>>> print(open('target.txt').read())   # compact mmCIF, C-alpha atoms and all ligand atoms
# COMPACT_ATOMS: atom_id res chain seq x y z
CA MET G 1 -31.92 -24.92 29.42
CA ASN G 2 -33.84 -26.55 26.61
CA ALA G 3 -31.71 -27.36 23.62
CA GLY G 4 -32.37 -24.83 20.89
CA LEU G 5 -33.99 -22.29 23.17
CA PRO G 6 -31.99 -19.11 23.85
CA PRO G 7 -31.52 -18.09 27.50
CA VAL G 8 -34.50 -16.23 28.95
CA THR G 9 -33.02 -14.90 32.19
CA TRP G 10 -29.55 -13.47 32.68
CA LEU G 11 -28.45 -12.22 36.10
CA TYR G 12 -25.60 -9.80 36.69
CA VAL G 13 -23.57 -10.04 39.85
CA PRO G 14 -20.74 -7.61 40.58
CA GLY G 15 -17.29 -9.23 40.46
CA ASP G 16 -16.30 -7.65 43.76
CA ARG G 17 -19.17 -9.40 45.59
CA PRO G 18 -17.99 -13.05 45.48
CA GLU G 19 -20.21 -13.94 48.45
CA ARG G 20 -23.16 -13.35 46.06
CA PHE G 21 -21.97 -15.63 43.23
CA ALA G 22 -23.54 -18.81 44.64
CA LYS G 23 -26.78 -16.98 45.31
CA ALA G 24 -26.82 -15.75 41.70
CA ALA G 25 -26.22 -19.32 40.47
CA ALA G 26 -29.12 -20.57 42.61
CA SER G 27 -31.49 -17.80 41.49
CA GLY G 28 -33.02 -19.78 38.62
CA ALA G 29 -31.34 -17.57 36.01
CA ASP G 30 -30.29 -19.35 32.82
CA VAL G 31 -27.06 -17.35 32.70
CA VAL G 32 -25.07 -15.65 35.46
CA ILE G 33 -22.96 -12.72 34.32
CA VAL G 34 -20.06 -11.81 36.60
CA ASP G 35 -19.50 -8.11 35.97
CA LEU G 36 -16.00 -6.66 35.94
CA GLU G 37 -17.11 -3.41 34.29
CA ASP G 38 -19.47 -0.70 35.51
CA ALA G 39 -20.70 -2.45 38.68
CA VAL G 40 -17.13 -2.50 40.03
CA ALA G 41 -15.29 0.58 41.31
CA SER G 42 -11.88 1.25 39.69
CA ALA G 43 -10.03 0.51 42.93
CA ARG G 44 -11.53 -3.01 43.09
CA LYS G 45 -11.14 -4.06 39.46
CA ASP G 46 -8.12 -6.34 40.01
CA GLU G 47 -9.79 -8.01 42.96
CA ALA G 48 -12.98 -8.54 40.91
CA ARG G 49 -11.02 -10.18 38.09
CA ALA G 50 -9.30 -12.53 40.55
CA ASN G 51 -12.69 -13.40 42.11
CA ALA G 52 -14.10 -14.23 38.68
CA VAL G 53 -11.15 -16.47 37.82
CA ALA G 54 -11.39 -18.31 41.17
CA TYR G 55 -15.14 -18.83 40.76
CA LEU G 56 -14.84 -20.08 37.20
CA ARG G 57 -12.19 -22.59 38.29
CA GLU G 58 -14.16 -23.86 41.27
CA ARG G 59 -17.80 -23.55 40.24
CA PRO G 60 -19.82 -26.71 40.78
CA ALA G 61 -20.93 -28.69 37.72
CA GLY G 62 -24.56 -28.58 36.65
CA GLY G 63 -25.22 -24.89 37.37
CA PRO G 64 -26.23 -22.19 34.92
CA ALA G 65 -23.87 -20.92 32.24
CA VAL G 66 -21.44 -18.32 33.59
CA HIS G 67 -20.46 -15.38 31.41
CA VAL G 68 -18.10 -12.57 32.37
CA ARG G 69 -18.56 -8.96 31.34
CA VAL G 70 -15.03 -7.70 30.87
CA ASN G 71 -13.97 -4.07 30.68
CA ASP G 72 -13.92 -2.20 27.38
CA LEU G 73 -11.59 -3.99 24.94
CA ALA G 74 -10.47 -0.61 23.63
CA GLY G 75 -8.36 -0.35 26.82
CA ASP G 76 -5.61 -2.44 28.42
CA ARG G 77 -7.79 -3.51 31.35
CA GLY G 78 -10.36 -5.09 29.06
CA ARG G 79 -7.66 -7.03 27.17
CA ALA G 80 -6.18 -8.27 30.46
CA ASP G 81 -9.66 -9.34 31.66
CA LEU G 82 -10.15 -11.25 28.44
CA GLU G 83 -6.78 -12.95 28.80
CA ALA G 84 -7.68 -14.03 32.36
CA VAL G 85 -11.25 -15.29 31.84
CA GLY G 86 -11.61 -15.90 28.09
CA ASP G 87 -10.92 -19.65 28.24
CA LEU G 88 -12.68 -20.26 31.56
CA ALA G 89 -16.02 -18.52 31.05
CA ASP G 90 -18.81 -20.03 28.95
CA ALA G 91 -18.83 -16.74 27.04
CA VAL G 92 -17.67 -13.17 27.44
CA ARG G 93 -19.79 -10.06 27.34
CA LEU G 94 -18.13 -7.08 25.73
CA PRO G 95 -19.30 -3.61 26.78
CA LYS G 96 -19.46 -0.51 24.61
CA VAL G 97 -18.60 -2.17 21.31
CA GLU G 98 -18.46 0.51 18.63
CA ASP G 99 -16.22 -0.97 15.97
CA PRO G 100 -16.28 -4.58 14.72
CA ALA G 101 -12.46 -4.45 14.37
CA VAL G 102 -12.15 -4.68 18.16
CA LEU G 103 -13.51 -8.23 17.84
CA ASP G 104 -10.86 -9.41 15.38
CA GLY G 105 -8.85 -12.35 16.68
CA LEU G 106 -11.45 -13.49 19.22
CA PRO G 107 -12.64 -17.09 18.90
CA ASP G 108 -15.80 -17.66 16.87
CA GLY G 109 -19.20 -17.40 18.55
CA ARG G 110 -18.16 -16.83 22.15
CA ALA G 111 -18.75 -13.10 22.63
CA TYR G 112 -21.90 -11.11 23.36
CA ALA G 113 -21.50 -7.55 22.12
CA LEU G 114 -23.21 -4.74 23.99
CA LEU G 115 -24.33 -1.79 21.90
CA GLU G 116 -24.41 1.10 24.33
CA SER G 117 -23.71 4.20 22.26
CA ALA G 118 -24.84 5.88 19.07
CA ALA G 119 -21.56 4.78 17.42
CA GLY G 120 -22.22 1.16 18.39
CA LEU G 121 -25.84 1.20 17.28
CA VAL G 122 -25.18 2.65 13.85
CA ARG G 123 -22.74 -0.23 13.27
CA ALA G 124 -25.12 -2.83 14.70
CA GLU G 125 -25.28 -4.86 11.48
CA ALA G 126 -21.49 -5.11 11.05
CA ILE G 127 -20.94 -5.94 14.72
CA ALA G 128 -23.68 -8.60 14.71
CA ALA G 129 -22.23 -10.18 11.57
CA HIS G 130 -18.71 -10.56 13.04
CA PRO G 131 -17.85 -14.27 13.45
CA ALA G 132 -16.80 -13.78 17.10
CA VAL G 133 -20.29 -12.65 18.04
CA ALA G 134 -22.76 -15.09 19.60
CA GLY G 135 -25.36 -12.43 20.34
CA ILE G 136 -25.95 -8.71 20.76
CA ALA G 137 -27.75 -6.70 23.41
CA LEU G 138 -28.39 -3.06 24.19
CA GLY G 139 -27.00 -1.17 27.16
CA GLU G 140 -29.89 1.19 27.66
CA GLN G 141 -28.47 2.91 30.75
CA ASP G 142 -25.43 4.05 28.80
CA LEU G 143 -27.49 4.83 25.71
CA ALA G 144 -29.91 6.96 27.70
CA ALA G 145 -27.00 8.82 29.27
CA GLU G 146 -25.47 9.61 25.88
CA LEU G 147 -28.64 10.41 23.97
CA SER G 148 -30.85 11.86 26.73
CA ILE G 149 -33.69 9.73 25.39
CA THR G 150 -36.44 9.05 27.90
CA ALA G 151 -39.48 8.43 25.64
CA GLU G 152 -40.23 4.71 25.35
CA ALA G 153 -41.39 5.21 21.75
CA ALA G 154 -37.97 6.59 20.83
CA LEU G 155 -36.15 3.81 22.69
CA ASP G 156 -38.30 1.30 20.79
CA HIS G 157 -36.69 2.48 17.53
CA LEU G 158 -33.25 1.66 18.93
CA ARG G 159 -34.47 -1.70 20.23
CA LEU G 160 -35.93 -2.59 16.84
CA ARG G 161 -32.66 -1.71 15.17
CA ALA G 162 -30.92 -4.29 17.37
CA VAL G 163 -33.70 -6.85 16.82
CA LEU G 164 -33.28 -6.54 13.05
CA ALA G 165 -29.47 -6.61 13.14
CA ALA G 166 -29.47 -9.80 15.22
CA ALA G 167 -32.03 -11.54 13.04
CA ALA G 168 -30.28 -10.53 9.81
CA ALA G 169 -27.01 -11.97 11.13
CA GLY G 170 -28.70 -15.22 12.17
CA LEU G 171 -28.09 -14.53 15.87
CA PRO G 172 -30.46 -15.44 18.72
CA PRO G 173 -33.11 -12.83 19.56
CA VAL G 174 -31.98 -9.81 21.58
CA PRO G 175 -32.56 -9.92 25.35
CA MET G 176 -33.91 -6.82 27.04
CA SER G 177 -31.65 -4.45 28.90
CA VAL G 178 -31.78 -4.20 32.71
CA TYR G 179 -34.78 -2.72 34.54
CA PRO G 180 -33.12 -0.52 37.12
CA ASP G 181 -35.79 -0.34 39.87
CA VAL G 182 -35.41 -3.66 41.69
CA ARG G 183 -38.53 -3.07 43.82
CA ASP G 184 -40.91 -2.25 40.97
CA GLU G 185 -42.13 -5.70 39.95
CA ALA G 186 -45.29 -4.42 38.21
CA GLY G 187 -43.21 -2.02 36.12
CA LEU G 188 -40.75 -4.77 35.24
CA ASP G 189 -43.57 -7.09 34.22
CA ALA G 190 -45.24 -4.46 32.00
CA SER G 191 -41.90 -3.52 30.45
CA CYS G 192 -41.08 -7.19 29.67
CA ARG G 193 -44.45 -7.71 27.99
CA ALA G 194 -43.95 -4.59 25.86
CA GLY G 195 -40.45 -5.78 24.90
CA ARG G 196 -41.74 -9.21 24.00
CA ALA G 197 -44.18 -7.61 21.55
CA LEU G 198 -41.22 -5.86 19.88
CA GLY G 199 -39.44 -9.15 19.25
CA LEU G 200 -37.05 -8.90 22.19
CA PHE G 201 -36.63 -12.16 24.06
CA GLY G 202 -35.68 -12.64 27.70
CA ARG G 203 -34.00 -10.07 29.90
CA THR G 204 -30.91 -9.27 31.89
CA ALA G 205 -31.59 -8.72 35.59
CA ILE G 206 -29.66 -7.08 38.40
CA HIS G 207 -31.40 -8.70 41.38
CA PRO G 208 -32.52 -12.31 42.00
CA ARG G 209 -36.06 -11.13 42.76
CA GLN G 210 -36.42 -10.00 39.14
CA ILE G 211 -35.89 -13.53 37.77
CA PRO G 212 -39.36 -14.99 38.50
CA VAL G 213 -41.02 -11.81 37.18
CA ILE G 214 -39.14 -12.07 33.89
CA ARG G 215 -39.86 -15.80 33.60
CA ARG G 216 -43.58 -15.15 34.11
CA ALA G 217 -43.69 -12.29 31.61
CA PHE G 218 -42.06 -14.38 28.86
CA ARG G 219 -44.06 -17.53 29.61
CA PRO G 220 -46.61 -18.17 26.85
CA GLY G 221 -50.16 -17.72 28.15
CA GLU G 222 -52.71 -20.56 28.41
CA GLN G 223 -54.52 -19.56 25.23
CA GLU G 224 -51.26 -19.22 23.28
CA THR G 225 -50.09 -22.63 24.51
CA ALA G 226 -53.43 -24.28 23.68
CA ARG G 227 -53.30 -22.79 20.17
CA ALA G 228 -49.73 -24.03 19.70
CA LEU G 229 -50.75 -27.53 20.80
CA GLU G 230 -53.59 -27.45 18.28
CA VAL G 231 -51.24 -26.39 15.48
CA VAL G 232 -48.66 -29.08 16.26
CA ALA G 233 -51.35 -31.77 16.52
CA ALA G 234 -52.82 -30.71 13.17
CA ALA G 235 -49.36 -30.72 11.56
CA GLU G 236 -48.57 -34.18 12.92
CA ARG G 237 -51.93 -35.48 11.70
CA ALA G 238 -51.27 -34.01 8.26
CA GLU G 239 -47.84 -35.58 8.12
CA ARG G 240 -49.24 -39.01 9.02
CA GLU G 241 -51.80 -38.62 6.25
CA GLY G 242 -49.24 -37.32 3.75
CA ILE G 243 -50.88 -33.89 3.41
CA GLY G 244 -48.60 -30.81 3.04
CA ALA G 245 -50.73 -27.89 4.15
CA VAL G 246 -53.72 -28.00 6.49
CA ALA G 247 -56.31 -25.67 7.92
CA LEU G 248 -57.54 -25.77 11.52
CA PRO G 249 -61.30 -26.21 12.16
CA ASP G 250 -61.59 -22.42 12.62
CA GLY G 251 -60.12 -21.87 9.15
CA ARG G 252 -56.58 -20.83 10.18
CA PHE G 253 -53.97 -22.04 7.71
CA VAL G 254 -51.03 -24.04 9.09
CA ASP G 255 -47.75 -24.16 7.20
CA ALA G 256 -44.11 -24.84 8.13
CA PRO G 257 -43.27 -21.46 9.78
CA VAL G 258 -46.51 -21.58 11.78
CA VAL G 259 -45.62 -25.07 13.02
CA ALA G 260 -42.03 -24.05 13.85
CA ARG G 261 -43.32 -21.10 15.86
CA ALA G 262 -45.83 -23.31 17.67
CA ARG G 263 -43.08 -25.77 18.60
CA ARG G 264 -40.96 -22.89 19.95
CA THR G 265 -43.93 -21.70 22.00
CA LEU G 266 -44.36 -25.17 23.51
CA ALA G 267 -40.64 -25.49 24.29
CA LEU G 268 -40.73 -22.09 25.97
CA ALA G 269 -43.86 -22.98 27.95
CA ARG G 270 -42.09 -26.13 29.18
CA HIS G 271 -38.90 -24.26 30.05
CA LEU G 272 -40.77 -21.54 31.96
CA ALA G 273 -43.40 -23.77 33.60
CA PRO G 274 -44.01 -22.65 37.20
C1 LIG G 301 -28.92 -3.47 42.97
C2 LIG G 301 -28.10 -4.01 44.12
C3 LIG G 301 -26.93 -3.06 44.41
C4 LIG G 301 -28.99 -4.10 45.35
O1 LIG G 301 -28.18 -4.62 46.39
P1 LIG G 301 -28.75 -4.75 47.88
O2 LIG G 301 -29.43 -3.48 48.26
O3 LIG G 301 -27.66 -5.24 48.75
O4 LIG G 301 -29.86 -5.89 47.68
P2 LIG G 301 -30.75 -6.60 48.74
O5 LIG G 301 -30.46 -6.11 50.11
O6 LIG G 301 -32.15 -6.50 48.27
O7 LIG G 301 -30.28 -8.10 48.61
C5 LIG G 301 -31.11 -9.12 49.03
C6 LIG G 301 -30.45 -10.44 48.86
O8 LIG G 301 -30.20 -10.69 47.47
C7 LIG G 301 -28.82 -10.87 47.24
N1 LIG G 301 -28.52 -10.20 45.96
C8 LIG G 301 -28.82 -8.97 45.61
N2 LIG G 301 -28.43 -8.74 44.35
C9 LIG G 301 -27.86 -9.88 43.94
C10 LIG G 301 -27.26 -10.26 42.69
N3 LIG G 301 -27.19 -9.40 41.65
N4 LIG G 301 -26.80 -11.51 42.59
C11 LIG G 301 -26.89 -12.37 43.62
N5 LIG G 301 -27.43 -12.06 44.82
C12 LIG G 301 -27.90 -10.83 44.95
C13 LIG G 301 -28.15 -10.26 48.43
O9 LIG G 301 -26.91 -10.91 48.63
C14 LIG G 301 -29.14 -10.54 49.53
O10 LIG G 301 -29.01 -11.89 49.90
P3 LIG G 301 -29.23 -12.35 51.40
O11 LIG G 301 -28.21 -11.62 52.19
O12 LIG G 301 -29.04 -13.83 51.36
O13 LIG G 301 -30.64 -11.95 51.77
C15 LIG G 301 -27.59 -5.43 43.80
O14 LIG G 301 -28.69 -6.22 43.54
C16 LIG G 301 -26.58 -5.50 42.69
O15 LIG G 301 -25.41 -5.23 42.90
N6 LIG G 301 -27.01 -5.89 41.50
C17 LIG G 301 -26.14 -6.10 40.35
C18 LIG G 301 -25.66 -4.77 39.77
C19 LIG G 301 -24.85 -5.02 38.52
O16 LIG G 301 -24.20 -6.01 38.38
N7 LIG G 301 -24.88 -4.06 37.59
C20 LIG G 301 -24.22 -4.24 36.31
C21 LIG G 301 -25.21 -4.56 35.27
S1 LIG G 301 -26.21 -3.19 34.88
C22 LIG G 301 -25.92 -2.94 33.23
O17 LIG G 301 -25.47 -3.79 32.59
C23 LIG G 301 -26.28 -1.68 32.60
C24 LIG G 301 -25.79 -1.67 31.15
O18 LIG G 301 -24.41 -1.66 31.08
C25 LIG G 301 -26.38 -0.47 30.52
O19 LIG G 301 -25.64 0.45 30.15
O20 LIG G 301 -27.60 -0.47 30.35
MG MG G 302 -23.55 -0.09 30.24
>>> encode(input="target.txt", output="structure tokens", more="lines below")
Ligand SMILES: CC(C)(COP(=O)(O)OP(=O)(O)OC[C@H]1O[C@@H](n2cnc3c(N)ncnc32)[C@H](O)[C@@H]1OP(=O)(O)O)[C@@H](O)C(=O)NCCC(=O)NCCSC(=O)C[C@H](O)C(=O)O
Ligand SMILES: [Mg+2]
Amino acid sequence: MNAGLPPVTWLYVPGDRPERFAKAAASGADVVIVDLEDAVASARKDEARANAVAYLRERPAGGPAVHVRVNDLAGDRGRADLEAVGDLADAVRLPKVEDPAVLDGLPDGRAYALLESAAGLVRAEAIAAHPAVAGIALGEQDLAAELSITAEAALDHLRLRAVLAAAAAGLPPVPMSVYPDVRDEAGLDASCRAGRALGLFGRTAIHPRQIPVIRRAFRPGEQETARALEVVAAAERAEREGIGAVALPDGRFVDAPVVARARRTLALARHLAP
């Protein structure tokens, strides 16, 4: 991962499928998320937790970050998961967060809070601002089940609410929720591009084959990269010449936020280069 660039691809792997952990780590995902929650049947929850602990202890150095999605902290199982993996995982992912108080006592900046219900979303700002929180994301499968929302335009309102809450709290941009049809690569690509235009950044995946599709969809295009190069070159020229603000030959004005955005675009293009 490039320093300063948030993860682009996050891959879930069920905790009761330990034979898939290495494959997930080799998928090219920036973050592997071992799931102890909804991907694991109740009868296999203890086994999944033990698998996660063993993997975190033995994982080879140099791989992607490994996060663990624990069970709901409102219940005993979630607290026991946290106790077992909290110090071993690079971060924990907390499902169905509805009340910032559930985060009290957790170490600063090591938890990703999932907003997956109306109660969670209406408290998005308070949850995002909690010191334990390193990032927020939506759980659109759970949200859709609760709210019966199917229209993309309506879902976009909820997504924007999370985008704003994260930005206002100074958190990294919100990654997109999972795309459930693992065979529909065209649909995944179109959905990622629409999410990118809303200010969402990167995406959680459920299958390794989704990783290259997500990387491609979030990779800045040739024109965008060329424009960013032009902006950075103009800014560097201006700095050498002691000029504060410059305009490009086509008249476009270049100031500090424009340059910062162009640098981010170039870092992302490098990170996602084919
Ligand atoms: C979706 C799956 C159940 C599909 O599994 P399967 O049908 O077995 O896949 P394939 O036969 O196509 O597998 C091909 C090979 O790929 C490997 N594989 C598949 N998935 C993964 C994975 N996630 N990580 C690593 N490796 C994976 C297989 O081992 C095969 O390898 P090989 O034998 O070498 O060919 C399955 O993909 C799956 O379980 N995905 C993860 C599901 C999950 O974790 N869900 C929880 C997150 S969803 C969520 O968060 C929703 C949210 O809460 C909300 O509310 O919105
Ligand atoms: Mg969910």
>>> residues_near_ligand(input="target.txt", ligand="ligand LIG 301 (chain G)", cutoff="7 Å", atoms="only C-alpha atoms and all ligand atoms", output="PyMOL selection string")
chain G and resi 11-14+20-21+23-24+35+38-39+95+116+138-143+177-178+182+206-208
>>> residues_around(input="target.txt", residues="G:Ser191", least_positions_apart="3", cutoff="12 Å", atoms="only C-alpha atoms", output="PyMOL selection string")
chain G and resi 152+156+176-181+184-188+194-198+200-203+213-214+217-218
>>> residues_around(input="target.txt", residues="G:Leu268", least_positions_apart="4", cutoff="8 Å", atoms="only C-alpha atoms", output="VMD selection string")
chain G and resid 5 219 to 220 264 272
>>> residues_around(input="target.txt", residues="G:Pro173", least_positions_apart="2", cutoff="10 Å", atoms="all atoms listed in the file", output="PyMOL selection string")
chain G and resi 6-7+135-137+162-167+170-171+175-176+199-202
>>> atom_distance(input="target.txt", atom1="atom CA of G:Gly109", atom2="atom CA of G:Gly63")
21.1 Å
>>> atom_distance(input="target.txt", atom1="atom CA of G:Lys96", atom2="atom CA of G:Gly120")
7.0 Å
>>> atom_distance(input="target.txt", atom1="atom CA of G:Ala50", atom2="atom CA of G:Ile127")
29.1 Å
>>> residues_around(input="target.txt", residues="G:Val254", least_positions_apart="4", cutoff="7 Å", atoms="all atoms listed in the file", output="PyMOL selection string")
chain G and resi 231+245-247+258-259
>>> closest_residue(input="target.txt", among="G:Asp189, G:Gly15, G:Leu73, G:Val174", to="G:Ile211", atoms="all atoms listed in the file")
G:Asp189
>>> closest_residue(input="target.txt", among="G:Ala74, G:Ala132, G:Leu88, G:Ala145", to="ligand MG 302 (chain G)", atoms="only C-alpha atoms and all ligand atoms")
G:Ala145
>>> residues_around(input="target.txt", residues="G:Asn71", least_positions_apart="5", cutoff="7 Å", atoms="all atoms listed in the file", output="number ranges by chain")
G: 36-37, 77-78, 81, 95
>>> closest_residue(input="target.txt", among="G:Ala43, G:Arg237, G:His271, G:Ala61", to="G:Arg215", atoms="all atoms listed in the file")
G:His271
>>> closest_residue(input="target.txt", among="G:Ala65, G:Ala54, G:Val70, G:Asp46", to="ligand MG 302 (chain G)", atoms="only C-alpha atoms and all ligand atoms")
G:Val70
>>> closest_residue(input="target.txt", among="G:Ala153, G:Leu147, G:Leu94, G:Val232", to="ligand MG 302 (chain G)", atoms="only C-alpha atoms and all ligand atoms")
G:Leu94
